[in-house]
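Below: the structure, in structure tokens.
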Amino acid sequence: MLYSEKVMDHFRNPRNVGEIENADGVGEVGNAKCGDIMKIYLKIENDIITDVKFNTFGCGSAIASSSMATEMIKGKPISEALELTNKAVAEALDGLPAHKLHCSVLAEEAIKAAIKDYYDRNGIEYDHSLFPEESCAHCHE
Amino acid sequence: MIYVDNAATTKTSEAAIKAMLPYMSEIYGNPSSLHEMGQVAAEALFSARKTVANALGAKPNEIYFTSGGSESDNQAIISCAELGEKKGKKHIISSAIEHHAVLHTLDKLSKRGFKITLLPANADGIVKPSDLEKSITDDTALVTVMYANNEIGTVQPIAELGAICKKHKIPFHTDAVQAVGHLPINVVNDNIDMLSLSAHKFGGPKGVGALYVRNGVALSPFINGGAQERGKRAGTENLPAIVGMATALTESISTMDKTSKKLIKLRNELIQGLLAIPHSVLNGDAKNRLPGNVNICFEGIEGEGLLLLLSDAGICASSGSACTSGSLDPSHVLLAIGRPHEIAHGSLRLTLAADNTESDVKYIIKSTADVVAKLRAMSPVWKDLQEGKRNYVIQ
């Protein structure tokens, strides 16, 4: 099989699909030309991510990575969510095939983009080095 | 399980399996051996060669057995290139929608200094003969255009393309891997100098194919060694597979009319049913296409998820999305007929065979509609389209 049971489970029954009205932070990364876009919505109260939803256009592993990543940050303080790495997402899914690792990178970037949006909206100071420009290393452009 | 991936490979026919078995158990001799068992094998080899030749309107000594379509394509192209090079001709004409067995061989020749012209396909996936005529130069060593496309099923005007090559005295090769056993082919009437075929696309076993080379067209050896295949393809012949291929070919040609009629009806129903899904479009010409080929793009989704969920529903299909091709780009064929990247990612290919039924078609239509709806419901692209933040490409 191409994918682990866990990837297939999160792909078939993705957790946290949808959007949050009046979200406190929204992040979108990727582009349709590359074949994947991930959009993450955050509800934040007292620096805690109280709710998170996603919409993803992409392959099975992109959907599974979004689902797993949202599970991993739900109920967590922002500081912890910022530490979530693509490696951790891939490991939680019992691994991804090498050519699909960019899907987990996208999940990490989407969460960071949503948190950055929250900071920007609220005028909160932050360390800009934590939010590198989207690399788009996964894409050919 | 509903198998609709027959362009990838077909079920080996019962008749082919039955015909192959004695050549593994009883008549296992080497056709090059002089003893009786070898000679019985040699007779079977000749008989298979005659069968394949007859199926194409060719002569037995114009058929070379190979390991399959890719090898046949490689040998035909490299042979013509090398022979052309000796005469100072280093230009090859092909099309933008060829199989990678052709395109990657041409890439390699391009690095060796050959000039490659890839003829465009129009929006329906058809190569225009007038484009070929315009591209021919004094340096053209070979023209290679596929008979029928493996992804979108379009059938090219091969006889017309061949006639142009004949007029200019340029060898004309066609990759007919998807066409043989499915369309009536006559190499003489179609003006074909070289043709590649593969057994497992018409009910034969995998790992065997043939290259037709018209008498008078030079062919250089591709695999060096013994004198098999008149010195053009060394290596002990895969006799069981060759016999299986000949049997499957005879069978598919004898049932071709009946099968085509059935498949065209099922195909058209399937196309009609799938196009009822909003914002979907058919890829490739609606009429000039293989009887069993359906290829449709759905806006707002990506093909791999579609395949995985269809697989969960018991449907074996294929897609031209980047994720399924193992590369970063979606299908070069869909891009060549003008589909933008984001649309090409959402393609679905269904290729029918004679054992598919009306109820399969109904089930596929329903399952696909459900799966597309499920994926669209979680797609940010679909949401943007619906909210007018992004314009539909497919109306």
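Ligands are numbered from 1 in the order shown, chains are lettered A, B, ... in the order of the structure tokens, and residues start at 1 in each chain.
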
Show me a table, sorted first by chain and then by increasing residue number, of the residues of chain A having an atom at most 6 Å from chain B, each with its shortest atom pair and the distance in Å to one decimal, counting only C-alpha atoms and written as a tab-separated table.
```
residue	atom	partner	partner_atom	distance
A:Ala32	CA	B:Glu342	CA	5.0
A:Lys33	CA	B:Glu342	CA	4.7
A:Asn55	CA	B:Met378	CA	4.9
A:Thr56	CA	B:Ser379	CA	4.9
A:Phe57	CA	B:Ser379	CA	4.6
A:Gly58	CA	B:Glu302	CA	5.2
A:Cys59	CA	B:Glu304	CA	5.1
A:Gly60	CA	B:Gly305	CA	4.9
```

- Query: Can you tell me, as a ChimeraX atom specification, what residues are no more than 12 Å from Val102 in chain B when counting only C-alpha atoms, ignoring any on the same chain fewer than 2 positions away?
  - Reply: /B:69-78,92-100,104-109,116,118,143-146,173-177,196

- Task: Measuring atom to atom with only C-alpha atoms, identify which of B:Ser32, B:Thr250, B:Ser198, B:Ser280 is nearest to Asn54 in chain B.
- Result: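 Closest residue, counting only C-alpha atoms: B:Thr250.
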
- Message: Using DSSP secondary structure from the backbone, list all strand (DSSP E) positions within range 43-78 of chain B, as a list in words.
- Response: Ile63, Tyr64, Phe65 and Thr66 of chain B

- Task: Would you list the contacts of range 118-134 of chain A as a list in words, taking every protein, DNA or RNA residue within 7 Å and counting only C-alpha atoms, but skipping same-chain residues closer than 6 positions in sequence?
- Result: Asp24, Gly25 and Lys112 of chain A

Those residues with N, CA and C atoms, as an mmCIF file, in the first residue's frame please?
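Contents of result.cif, freshly written:
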```cif
data_model
loop_
_atom_site.group_PDB
_atom_site.id
_atom_site.type_symbol
_atom_site.label_atom_id
_atom_site.label_comp_id
_atom_site.auth_asym_id
_atom_site.auth_seq_id
_atom_site.Cartn_x
_atom_site.Cartn_y
_atom_site.Cartn_z
ATOM 1 N N ASP A 24 -10.554 33.745 14.345
ATOM 2 C CA ASP A 24 -9.593 34.732 14.835
ATOM 3 C C ASP A 24 -8.329 34.764 13.981
ATOM 4 N N GLY A 25 -8.111 33.670 13.248
ATOM 5 C CA GLY A 25 -6.961 33.629 12.345
ATOM 6 C C GLY A 25 -7.242 32.651 11.219
ATOM 7 N N LYS A 112 1.030 27.924 10.753
ATOM 8 C CA LYS A 112 1.831 29.127 11.041
ATOM 9 C C LYS A 112 1.191 30.361 10.395
#
```

- Task: May I ask which of the residues A:Ser61, A:Lys39, A:Gly27, A:Asp47 is the closest one to His99 in chain A, counting only C-alpha atoms?
- Result: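 Using only C-alpha atoms, His99 in chain A sits closest to A:Ser61.
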
- Query: For Leu211 in chain B, which residue out of B:Gly284, B:Gly84, B:Gly244, B:Gly68 is the nearest one, using only C-alpha atoms?
  - Reply: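 Selected residue with least distance to Leu211 in chain B: B:Gly68.
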
- Could you give me, as JSON, numbers by chain, the residues within 9 Å of Glu133 in chain B, counting only C-alpha atoms and dropping anything in the same chain fewer than 4 positions from it? {"B": [129, 161, 164, 165]}

- Message: as an NGL selection string, please: the residues near range 67-69 of chain A (cut-off 9 Å, only C-alpha atoms, same-chain neighbours under 4 positions excluded).
- Response: :A and (7 or 10-11 or 13-17 or 53-54 or 62-63 or 73-74 or 84 or 86 or 88-90 or 92-93 or 104 or 107-108 or 111)

Preceding selection exported with N, CA, C and O atoms as a CSV table (one decimal), in the first residue's frame:
```
chain,number,residue,atom,x,y,z
A,7,VAL,N,-3.0,7.1,7.7
A,7,VAL,CA,-3.2,8.1,6.6
A,7,VAL,C,-4.6,7.9,6.0
A,7,VAL,O,-5.4,8.8,5.8
A,10,HIS,N,-7.4,9.0,8.3
A,10,HIS,CA,-7.6,10.4,8.4
A,10,HIS,C,-8.1,11.0,7.0
A,10,HIS,O,-8.7,12.0,7.0
A,11,PHE,N,-7.7,10.3,5.9
A,11,PHE,CA,-8.2,10.7,4.6
A,11,PHE,C,-9.7,10.3,4.5
A,11,PHE,O,-10.5,11.1,4.0
A,13,ASN,N,-11.9,9.6,6.9
A,13,ASN,CA,-12.7,10.3,7.9
A,13,ASN,C,-12.0,11.5,8.5
A,13,ASN,O,-11.6,11.5,9.6
A,14,PRO,N,-11.8,12.5,7.7
A,14,PRO,CA,-11.0,13.6,8.1
A,14,PRO,C,-11.7,14.3,9.3
A,14,PRO,O,-12.9,14.5,9.4
A,15,ARG,N,-10.9,14.7,10.3
A,15,ARG,CA,-11.3,15.4,11.5
A,15,ARG,C,-11.3,16.9,11.2
A,15,ARG,O,-10.4,17.3,10.5
A,16,ASN,N,-12.2,17.6,11.8
A,16,ASN,CA,-12.1,19.1,11.8
A,16,ASN,C,-12.3,19.7,10.4
A,16,ASN,O,-11.7,20.7,10.1
A,17,VAL,N,-13.1,19.0,9.5
A,17,VAL,CA,-13.3,19.6,8.2
A,17,VAL,C,-14.3,20.8,8.4
A,17,VAL,O,-15.3,20.6,9.1
A,53,LYS,N,-10.5,24.4,12.2
A,53,LYS,CA,-11.1,23.7,11.1
A,53,LYS,C,-10.2,23.8,9.9
A,53,LYS,O,-9.4,24.8,9.8
A,54,PHE,N,-10.4,23.0,8.9
A,54,PHE,CA,-9.6,23.1,7.6
A,54,PHE,C,-10.5,22.8,6.4
A,54,PHE,O,-11.5,22.1,6.5
A,62,ALA,N,-2.5,15.0,1.6
A,62,ALA,CA,-2.7,16.4,1.9
A,62,ALA,C,-3.9,16.5,2.9
A,62,ALA,O,-3.9,17.3,3.9
A,63,ILE,N,-5.0,15.8,2.6
A,63,ILE,CA,-6.2,15.8,3.4
A,63,ILE,C,-5.9,15.2,4.8
A,63,ILE,O,-6.2,15.7,5.8
A,73,ILE,N,-3.1,20.4,17.3
A,73,ILE,CA,-3.0,21.7,17.9
A,73,ILE,C,-4.3,22.1,18.6
A,73,ILE,O,-4.3,23.1,19.3
A,74,LYS,N,-5.4,21.3,18.4
A,74,LYS,CA,-6.6,21.7,19.0
A,74,LYS,C,-6.5,21.7,20.6
A,74,LYS,O,-6.0,20.7,21.1
A,84,LEU,N,4.9,22.9,16.2
A,84,LEU,CA,4.5,21.7,15.5
A,84,LEU,C,5.3,21.7,14.2
A,84,LEU,O,5.3,22.6,13.4
A,86,ASN,N,6.6,19.6,10.5
A,86,ASN,CA,6.0,18.7,9.5
A,86,ASN,C,6.4,17.3,9.8
A,86,ASN,O,5.7,16.3,9.6
A,88,ALA,N,6.7,16.0,12.8
A,88,ALA,CA,5.8,15.5,13.8
A,88,ALA,C,4.5,15.0,13.2
A,88,ALA,O,3.9,14.0,13.6
A,89,VAL,N,4.0,15.8,12.2
A,89,VAL,CA,2.7,15.4,11.6
A,89,VAL,C,2.9,14.1,10.8
A,89,VAL,O,2.1,13.2,10.9
A,90,ALA,N,4.0,14.0,10.1
A,90,ALA,CA,4.3,12.8,9.3
A,90,ALA,C,4.4,11.6,10.2
A,90,ALA,O,3.9,10.5,9.9
A,92,ALA,N,3.1,11.2,13.2
A,92,ALA,CA,1.8,10.9,13.8
A,92,ALA,C,1.0,10.1,12.8
A,92,ALA,O,0.1,9.4,13.3
A,93,LEU,N,1.3,10.3,11.5
A,93,LEU,CA,0.5,9.5,10.5
A,93,LEU,C,1.2,8.2,10.2
A,93,LEU,O,0.8,7.5,9.2
A,104,SER,N,2.9,17.3,4.5
A,104,SER,CA,3.0,17.7,5.9
A,104,SER,C,3.7,19.0,6.1
A,104,SER,O,3.3,19.8,7.0
A,107,ALA,N,1.0,21.5,5.8
A,107,ALA,CA,0.1,21.6,7.1
A,107,ALA,C,0.8,22.5,8.1
A,107,ALA,O,0.2,23.3,8.7
A,108,GLU,N,2.1,22.3,8.3
A,108,GLU,CA,2.9,23.1,9.2
A,108,GLU,C,2.8,24.6,8.8
A,108,GLU,O,2.5,25.5,9.6
A,111,ILE,N,-0.7,26.2,9.4
A,111,ILE,CA,-1.0,26.6,10.8
A,111,ILE,C,-0.2,27.9,11.2
A,111,ILE,O,-0.8,28.8,11.8
```

- Task: From range 21-138 of chain B, collect each residue whose DSSP state is helix (DSSP H, G or I) and return the set as number ranges by chain.
- Result: B: 22-25, 36-56, 60-62, 69-86, 100-111, 129-135

- Query: What gap, in Å, lies between CA of Glu28 in chain A and CA of Ala113 in chain A?
  - Reply: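 According to the coordinates, CA of Glu28 in chain A and CA of Ala113 in chain A are separated by 6.8 Å.
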
- Task: Go ahead and compute the interatomic distance for CA of Gly95 in chain A and CA of Glu83 in chain A, in Å to one decimal.
- Result: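 Result for CA of Gly95 in chain A versus CA of Glu83 in chain A: 18.9 Å, one decimal.
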
- Identify, on the basis of only C-alpha atoms, every residue whose closest approach to range 19-22 of chain B does not exceed 9 Å; exclude the query and any residue fewer than 6 positions from it along the same chain; express the result as a list in words.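 Non-adjacent residues within range: Tyr28, Leu239, Pro240, Ala241, Ile242, Val243, Gly244, Met245 and Thr247 of chain B.
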
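Around Glu82 in chain B, within 12 Å and counting only C-alpha atoms, the residues found are Asn74, Gln75, Ala76, Ile77, Ile78, Ser79, Cys80, Gly84, Glu85, Lys86, Lys87, Gly88, Lys89, Lys90, His91, Ile92, Leu109, Arg112, Gly113, Phe114, Ala141, Leu142, Ala218, Leu219, Ser220, Pro221 and Phe222 of chain B, once anything fewer than 2 positions away on its own chain is removed.
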
Can those selected residues be exported to a file as a compact mmCIF listing (two decimals), in the first residue's frame so that it contains N, CA, C and O atoms?
```
# COMPACT_ATOMS: atom_id res chain seq x y z
N ASN B 74 11.24 2.22 -28.25
CA ASN B 74 12.66 2.57 -28.12
C ASN B 74 13.45 2.11 -29.34
O ASN B 74 14.23 2.86 -29.92
N GLN B 75 13.24 0.85 -29.71
CA GLN B 75 14.03 0.30 -30.82
C GLN B 75 13.72 1.02 -32.13
O GLN B 75 14.63 1.39 -32.88
N ALA B 76 12.45 1.23 -32.41
CA ALA B 76 12.06 1.87 -33.67
C ALA B 76 12.67 3.26 -33.77
O ALA B 76 13.25 3.64 -34.80
N ILE B 77 12.55 4.02 -32.69
CA ILE B 77 12.99 5.42 -32.72
C ILE B 77 14.51 5.51 -32.77
O ILE B 77 15.08 6.25 -33.59
N ILE B 78 15.17 4.74 -31.92
CA ILE B 78 16.64 4.83 -31.88
C ILE B 78 17.25 4.31 -33.18
O ILE B 78 18.20 4.89 -33.71
N SER B 79 16.66 3.25 -33.72
CA SER B 79 17.15 2.72 -34.99
C SER B 79 17.05 3.78 -36.10
O SER B 79 18.02 4.04 -36.82
N CYS B 80 15.89 4.39 -36.22
CA CYS B 80 15.72 5.41 -37.28
C CYS B 80 16.63 6.61 -37.04
O CYS B 80 17.16 7.20 -37.99
N GLY B 84 19.41 7.68 -39.57
CA GLY B 84 19.29 9.03 -40.11
C GLY B 84 20.57 9.81 -39.90
O GLY B 84 21.04 10.52 -40.80
N GLU B 85 21.14 9.65 -38.72
CA GLU B 85 22.36 10.39 -38.36
C GLU B 85 23.49 10.09 -39.36
O GLU B 85 24.25 10.98 -39.72
N LYS B 86 23.54 8.82 -39.78
CA LYS B 86 24.59 8.44 -40.75
C LYS B 86 24.45 9.21 -42.06
O LYS B 86 25.42 9.42 -42.77
N LYS B 87 23.18 9.59 -42.35
CA LYS B 87 22.96 10.36 -43.59
C LYS B 87 22.92 11.86 -43.30
O LYS B 87 22.49 12.65 -44.13
N GLY B 88 23.29 12.22 -42.08
CA GLY B 88 23.30 13.63 -41.70
C GLY B 88 21.92 14.18 -41.37
O GLY B 88 21.73 15.40 -41.31
N LYS B 89 20.96 13.28 -41.16
CA LYS B 89 19.60 13.75 -40.85
C LYS B 89 19.37 13.63 -39.34
O LYS B 89 19.37 12.53 -38.80
N LYS B 90 19.18 14.77 -38.70
CA LYS B 90 19.05 14.74 -37.24
C LYS B 90 17.81 15.49 -36.76
O LYS B 90 17.86 16.25 -35.81
N HIS B 91 16.71 15.26 -37.46
CA HIS B 91 15.45 15.91 -37.07
C HIS B 91 14.37 14.83 -36.95
O HIS B 91 14.24 13.98 -37.83
N ILE B 92 13.64 14.85 -35.85
CA ILE B 92 12.56 13.87 -35.64
C ILE B 92 11.28 14.64 -35.31
O ILE B 92 11.29 15.59 -34.53
N LEU B 109 17.56 11.59 -27.25
CA LEU B 109 18.14 11.91 -28.57
C LEU B 109 18.39 13.41 -28.68
O LEU B 109 19.37 13.84 -29.30
N ARG B 112 21.55 14.27 -27.50
CA ARG B 112 22.61 13.84 -28.42
C ARG B 112 22.67 14.72 -29.66
O ARG B 112 23.30 14.35 -30.65
N GLY B 113 21.93 15.82 -29.62
CA GLY B 113 22.01 16.78 -30.73
C GLY B 113 20.90 16.68 -31.77
O GLY B 113 20.95 17.37 -32.78
N PHE B 114 19.94 15.81 -31.54
CA PHE B 114 18.82 15.75 -32.49
C PHE B 114 17.86 16.91 -32.24
O PHE B 114 17.66 17.33 -31.09
N ALA B 141 14.47 12.60 -40.12
CA ALA B 141 14.85 11.19 -40.18
C ALA B 141 13.70 10.27 -39.83
O ALA B 141 13.72 9.08 -40.18
N LEU B 142 12.69 10.79 -39.12
CA LEU B 142 11.61 9.93 -38.63
C LEU B 142 10.41 10.78 -38.22
O LEU B 142 10.57 11.88 -37.69
N ALA B 218 15.00 -0.03 -42.86
CA ALA B 218 16.12 -0.61 -42.12
C ALA B 218 15.84 -0.60 -40.62
O ALA B 218 15.17 0.29 -40.10
N LEU B 219 16.33 -1.63 -39.95
CA LEU B 219 16.20 -1.72 -38.49
C LEU B 219 17.53 -2.17 -37.91
O LEU B 219 18.10 -3.16 -38.36
N SER B 220 18.02 -1.43 -36.91
CA SER B 220 19.27 -1.87 -36.29
C SER B 220 18.96 -2.62 -35.00
O SER B 220 17.93 -2.38 -34.37
N PRO B 221 19.84 -3.55 -34.60
CA PRO B 221 19.59 -4.34 -33.38
C PRO B 221 19.56 -3.43 -32.15
O PRO B 221 20.27 -2.43 -32.10
N PHE B 222 18.74 -3.81 -31.20
CA PHE B 222 18.60 -3.02 -29.98
C PHE B 222 19.23 -3.77 -28.82
O PHE B 222 19.87 -3.20 -27.95
```

- Item | Gap from CA of Val361 in chain B to CA of Leu266 in chain B - Å, one decimal |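 Going from CA of Val361 in chain B over to CA of Leu266 in chain B covers 6.9 Å.
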
- Task: Between A:Arg12, A:Gly75, A:Leu106, A:Ala64, single out the one closest to Ile44 in chain A, counting only C-alpha atoms.
- Result: A:Gly75
